[in-house]
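Following: one structure in structure tokens, then a few remarks.
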There are 2 protein chains.
Amino acid sequence: MGKECYPSAMGWSAVGVDVGGTKIRAARVVDGRVVGETFRATPPDDPTMVMGAITDAAAGVHDGRCPIGVGTAGQVDRHHGVVLTSPNLPGRNVPLGAALEEAFSVPVVVDNDVRLAAVGEWLALGGEPGVLVALYVGTGVGAGVVLGGRVLAGVNNLATEAGHATFRSGGELCGCGRRGCFEAYAGGRPVVERLARRIGSGQEAPVHVGGVVELAERGDPAAREVWEEAVEAIRTLAWNLVVLYDPAALVLGGGVVRGVPELAGTIREHVAAQVWSGFLQPRVVVGSPDAAVTGAAYTAWKEHERG
Amino acid sequence: MGKECYPSAMGWSAVGVDVGGTKIRAARVVDGRVVGETFRATPPDDPTMVMGAITDAAAGVHDGRCPIGVGTAGQVDRHHGVVLTSPNLPGRNVPLGAALEEAFSVPVVVDNDVRLAAVGEWLALGGEPGVLVALYVGTGVGAGVVLGGRVLAGVNNLATEAGHATFRSGGELCGCGRRGCFEAYAGGRPVVERLARRIGSGQEAPVHVGGVVELAERGDPAAREVWEEAVEAIRTLAWNLVVLYDPAALVLGGGVVRGVPELAGTIREHVAAQVWSGFLQPRVVVGSPDAAVTGAAYTAWKEHERG
């Protein structure tokens, strides 16, 4: 790898890839900013096809030299670059890191998407917050914590799997097989599915959270119930993360947060009402839409730099 | 401070003090083991009296040279040695650290009791677990996390205030003024109080959790309801801490854990049933009754050594 990756005038440089449920985004990132990007649709059902699409997307922005960081939902063996389980990458134990290293002959880091996004949020805030919590509510619910610039990983690289903490013990069945997880009440997919189950076959159910919120605002009782419970789950999780990690900043992201603008204010008010008086309130802000790719790129670069 | 504090044959030496709601325990700790101790009753209502009792207890084991670590429930400004609020030390902003430094002319560290106990638990496990979570259920509910030998503090020294994460939003009023905290369902005092409120004035209510459990086992419906909800809160919190910190060890402590032997097994089973298959299960163990004083002593010594 040449020094060309790190021109002193421009800072560091790497590629960040965000593997989403519907699309794959690959970005060339220079000194924390996206300077070019490519998108591919996420192929369904076949891990080999998904790896091909990721390679293809990365090739569109790669310069042949810089390290690559990839984030995807689910559990990742970061040490070996293996995606253990992911809703966006079917199958188990997918050796994504090795495949990309072979394709590009550069170092590759693979990790959980929200954990990498938390690094991107920390970068976007100038690398300042000593403790930062990112809470992402999209199709699913995830979190990441950055302590002194480093991601909190845990012994299995499973720390901050906040979507699968318990909101209501014995409650709704979650996609993970457990009951009552925060994700089962607050994730975009479960919200849509819960409403569809209540509405039954007689009426057409919304297919996006935005539609659920709209129905709730028009006074539909089932939609109100489902959405109010989702908001309760999200704000409860936000407070629990604040009380457990005591961050300087709580950064909100994900499709549901972006799609429902009033949600961030609701969370901010709830946290402000709960925080000990006299203590530093965490900043509660909506994060950067680039955090997933900038955080992935920065992490790959940092890891490579460390050697 | 002379080298006598650290005789090479015996390892390090310091005094650890645990300020409880009913008694104060001061221990001389050598290389992680208690080699002598004194107890005093905790005086009620007057912070000056409590500080006097702490000084008195510490004097009983102090050698005139070694650093002193003190743990108490509540919120502590560790940097200034000031107890901001504590159920065991009435008043606000009590300058406990300065008072002890003046009395003994040695460095003093003051911090939250469970956070220091977490360090003691980590020591008791040989300083090995890369991530350790201590969950203490006594009069109240607290937690501490040790990451690579260091306590997770947060930006206000308020991290891991797990007792005040939300178990049931809008639920029982907690001693802290919030609603639905885990502590309001699982703490020894709230459990006793909840049952007393349900029983009313016609019947004598138990004054300890042990009595509540006994009544529940004899089939009393109110006692069963209160105790079952307490168990649900405790095991839910245990799982949430596992999923949020991904520890190698979850160490249980506190009066309720010690007083109800079957509780640890219930928690262990719940965590085992919830953990992702194929991943390292955290060890779920009952901790050391000395952890509060050994952790306080070690922390004071370590801080002093660091200079």
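Scheme for the structure tokens: letters A, B, ... for chains in order shown; per-chain residue numbers from 1; ligand numbers from 1 in order shown.
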Task: Interface, chain A side, toward chain B (8 Å; only C-alpha atoms) as an MDAnalysis selection string - done: chainID A and resid 130:131 152:162 164:169 178 232 236 239:240 242:248 274 279:280
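These are the residues of segment 92-224 of chain A assigned strand (DSSP E or B) by DSSP from backbone coordinates: Arg92, Asn93, Val94, Val108, Val109, Val110, Asp111, Asn112, Val131, Leu132, Val133, Ala134, Leu135, Tyr136, Val137, Val141, Gly142, Ala143, Gly144, Val145, Val146, Leu147, Arg150, Val151, Thr166, Leu173, Arg179 and Cys181 of chain A.
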How would the residues just chosen look if you wrote them out with C-alpha atoms as a PDB file, in the first residue's frame?
```pdb
ATOM      1  CA  ARG A  92     -24.395 -17.921   8.145  1.00  0.00           C
ATOM      2  CA  ASN A  93     -20.686 -17.329   8.618  1.00  0.00           C
ATOM      3  CA  VAL A  94     -20.214 -15.454   5.358  1.00  0.00           C
ATOM      4  CA  VAL A 108     -10.561  -4.965   5.008  1.00  0.00           C
ATOM      5  CA  VAL A 109     -12.539  -4.439   8.213  1.00  0.00           C
ATOM      6  CA  VAL A 110     -16.071  -5.820   8.580  1.00  0.00           C
ATOM      7  CA  ASP A 111     -18.241  -4.916  11.555  1.00  0.00           C
ATOM      8  CA  ASN A 112     -21.780  -4.232  12.657  1.00  0.00           C
ATOM      9  CA  VAL A 131     -18.622   9.155  25.349  1.00  0.00           C
ATOM     10  CA  LEU A 132     -21.012   9.006  22.386  1.00  0.00           C
ATOM     11  CA  VAL A 133     -24.068   6.793  22.002  1.00  0.00           C
ATOM     12  CA  ALA A 134     -25.633   6.311  18.577  1.00  0.00           C
ATOM     13  CA  LEU A 135     -29.179   4.944  18.518  1.00  0.00           C
ATOM     14  CA  TYR A 136     -30.397   3.929  15.077  1.00  0.00           C
ATOM     15  CA  VAL A 137     -34.027   3.116  14.463  1.00  0.00           C
ATOM     16  CA  VAL A 141     -32.981  -1.102  16.065  1.00  0.00           C
ATOM     17  CA  GLY A 142     -29.278  -0.886  16.854  1.00  0.00           C
ATOM     18  CA  ALA A 143     -26.820   1.124  18.888  1.00  0.00           C
ATOM     19  CA  GLY A 144     -23.136   1.852  19.051  1.00  0.00           C
ATOM     20  CA  VAL A 145     -21.017   3.424  21.765  1.00  0.00           C
ATOM     21  CA  VAL A 146     -17.731   5.251  21.226  1.00  0.00           C
ATOM     22  CA  LEU A 147     -15.520   5.720  24.296  1.00  0.00           C
ATOM     23  CA  ARG A 150     -12.931   3.575  20.340  1.00  0.00           C
ATOM     24  CA  VAL A 151     -16.000   1.417  19.828  1.00  0.00           C
ATOM     25  CA  THR A 166     -35.964  -6.478  26.694  1.00  0.00           C
ATOM     26  CA  LEU A 173     -42.098 -12.174  19.333  1.00  0.00           C
ATOM     27  CA  ARG A 179     -39.813 -12.082  23.162  1.00  0.00           C
ATOM     28  CA  CYS A 181     -37.192  -6.962  22.502  1.00  0.00           C
TER      29      CYS A 181
END
```
Open item on the list: Can you tell me which residues surround Ala184 of chain A at a distance of at most 7 Å, considering only C-alpha atoms, apart from same-chain residues fewer than 6 positions away, and format the answer as an NGL selection string?
Closed with: :A and (172-174 or 190)
Take the residues that were just selected and, keeping N, CA and C atoms, output them as a PDB file, in the first residue's frame.
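Output below, filename result-v1.pdb:
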```
ATOM      1  N   GLU A 172     -44.060  -9.190  22.617  1.00  0.00           N
ATOM      2  CA  GLU A 172     -44.097  -9.531  21.187  1.00  0.00           C
ATOM      3  C   GLU A 172     -42.908 -10.413  20.767  1.00  0.00           C
ATOM      4  N   LEU A 173     -43.170 -11.351  19.886  1.00  0.00           N
ATOM      5  CA  LEU A 173     -42.098 -12.174  19.333  1.00  0.00           C
ATOM      6  C   LEU A 173     -41.238 -11.311  18.403  1.00  0.00           C
ATOM      7  N   CYS A 174     -39.938 -11.359  18.614  1.00  0.00           N
ATOM      8  CA  CYS A 174     -38.998 -10.578  17.801  1.00  0.00           C
ATOM      9  C   CYS A 174     -38.455 -11.458  16.672  1.00  0.00           C
ATOM     10  N   PRO A 190     -41.161  -4.401  12.227  1.00  0.00           N
ATOM     11  CA  PRO A 190     -42.164  -4.866  13.200  1.00  0.00           C
ATOM     12  C   PRO A 190     -43.351  -3.913  13.343  1.00  0.00           C
TER      13      PRO A 190
END
```
TODO: Using only C-alpha atoms, determine which residues lie at most 12 Å from Gly211 of chain A, disregarding the query and same-chain residues fewer than 4 positions distant; provide the list as an NGL selection string.
DONE: :A and (188 or 191-192 or 195-196 or 204-207 or 215-218 or 220 or 223-224 or 227 or 256 or 259-260)
Same residues, C-alpha atoms, output as a PDB file, in the first residue's frame:
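For reference, out.pdb as written:
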```
ATOM      1  CA  GLY A 188     -39.758  -0.155  11.189  1.00  0.00           C
ATOM      2  CA  VAL A 191     -44.238  -1.658  13.402  1.00  0.00           C
ATOM      3  CA  VAL A 192     -45.612  -2.247   9.912  1.00  0.00           C
ATOM      4  CA  LEU A 195     -50.365  -2.941  12.323  1.00  0.00           C
ATOM      5  CA  ALA A 196     -50.992  -5.332   9.429  1.00  0.00           C
ATOM      6  CA  GLU A 204     -54.965  -2.349   3.196  1.00  0.00           C
ATOM      7  CA  ALA A 205     -52.159  -1.844   5.710  1.00  0.00           C
ATOM      8  CA  PRO A 206     -49.334   0.663   5.195  1.00  0.00           C
ATOM      9  CA  VAL A 207     -46.035  -0.829   4.027  1.00  0.00           C
ATOM     10  CA  LEU A 215     -52.900   6.670   9.846  1.00  0.00           C
ATOM     11  CA  ALA A 216     -52.272   7.296  13.553  1.00  0.00           C
ATOM     12  CA  GLU A 217     -52.449  11.050  13.005  1.00  0.00           C
ATOM     13  CA  ARG A 218     -55.769  10.611  11.220  1.00  0.00           C
ATOM     14  CA  ASP A 220     -57.010   5.262  13.377  1.00  0.00           C
ATOM     15  CA  ALA A 223     -52.337   2.640  14.115  1.00  0.00           C
ATOM     16  CA  ARG A 224     -52.270   4.961  17.135  1.00  0.00           C
ATOM     17  CA  TRP A 227     -47.200   3.850  16.878  1.00  0.00           C
ATOM     18  CA  VAL A 256     -37.559   5.831  11.165  1.00  0.00           C
ATOM     19  CA  GLY A 259     -38.782   9.637   8.247  1.00  0.00           C
ATOM     20  CA  VAL A 260     -40.606  10.948  11.317  1.00  0.00           C
TER      21      VAL A 260
END
```
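Between atom CA of Ala292 of chain A and atom CA of Asp18 of chain A the separation is 6.1 Å.
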- [ ] Rank B:Ala103, B:Leu89, B:Val15, B:Val119 by their smallest atom-to-atom distance to Thr42 of chain B, using only C-alpha atoms, and report the top residue only.
- [x]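 Under the stated criterion, the closest residue is B:Leu89.
Ranking B:Val231, B:Val226, B:Ala296, B:Ile267 by their shortest atom-to-atom distance to Thr72 of chain B, with only C-alpha atoms included, puts B:Ala296 first.
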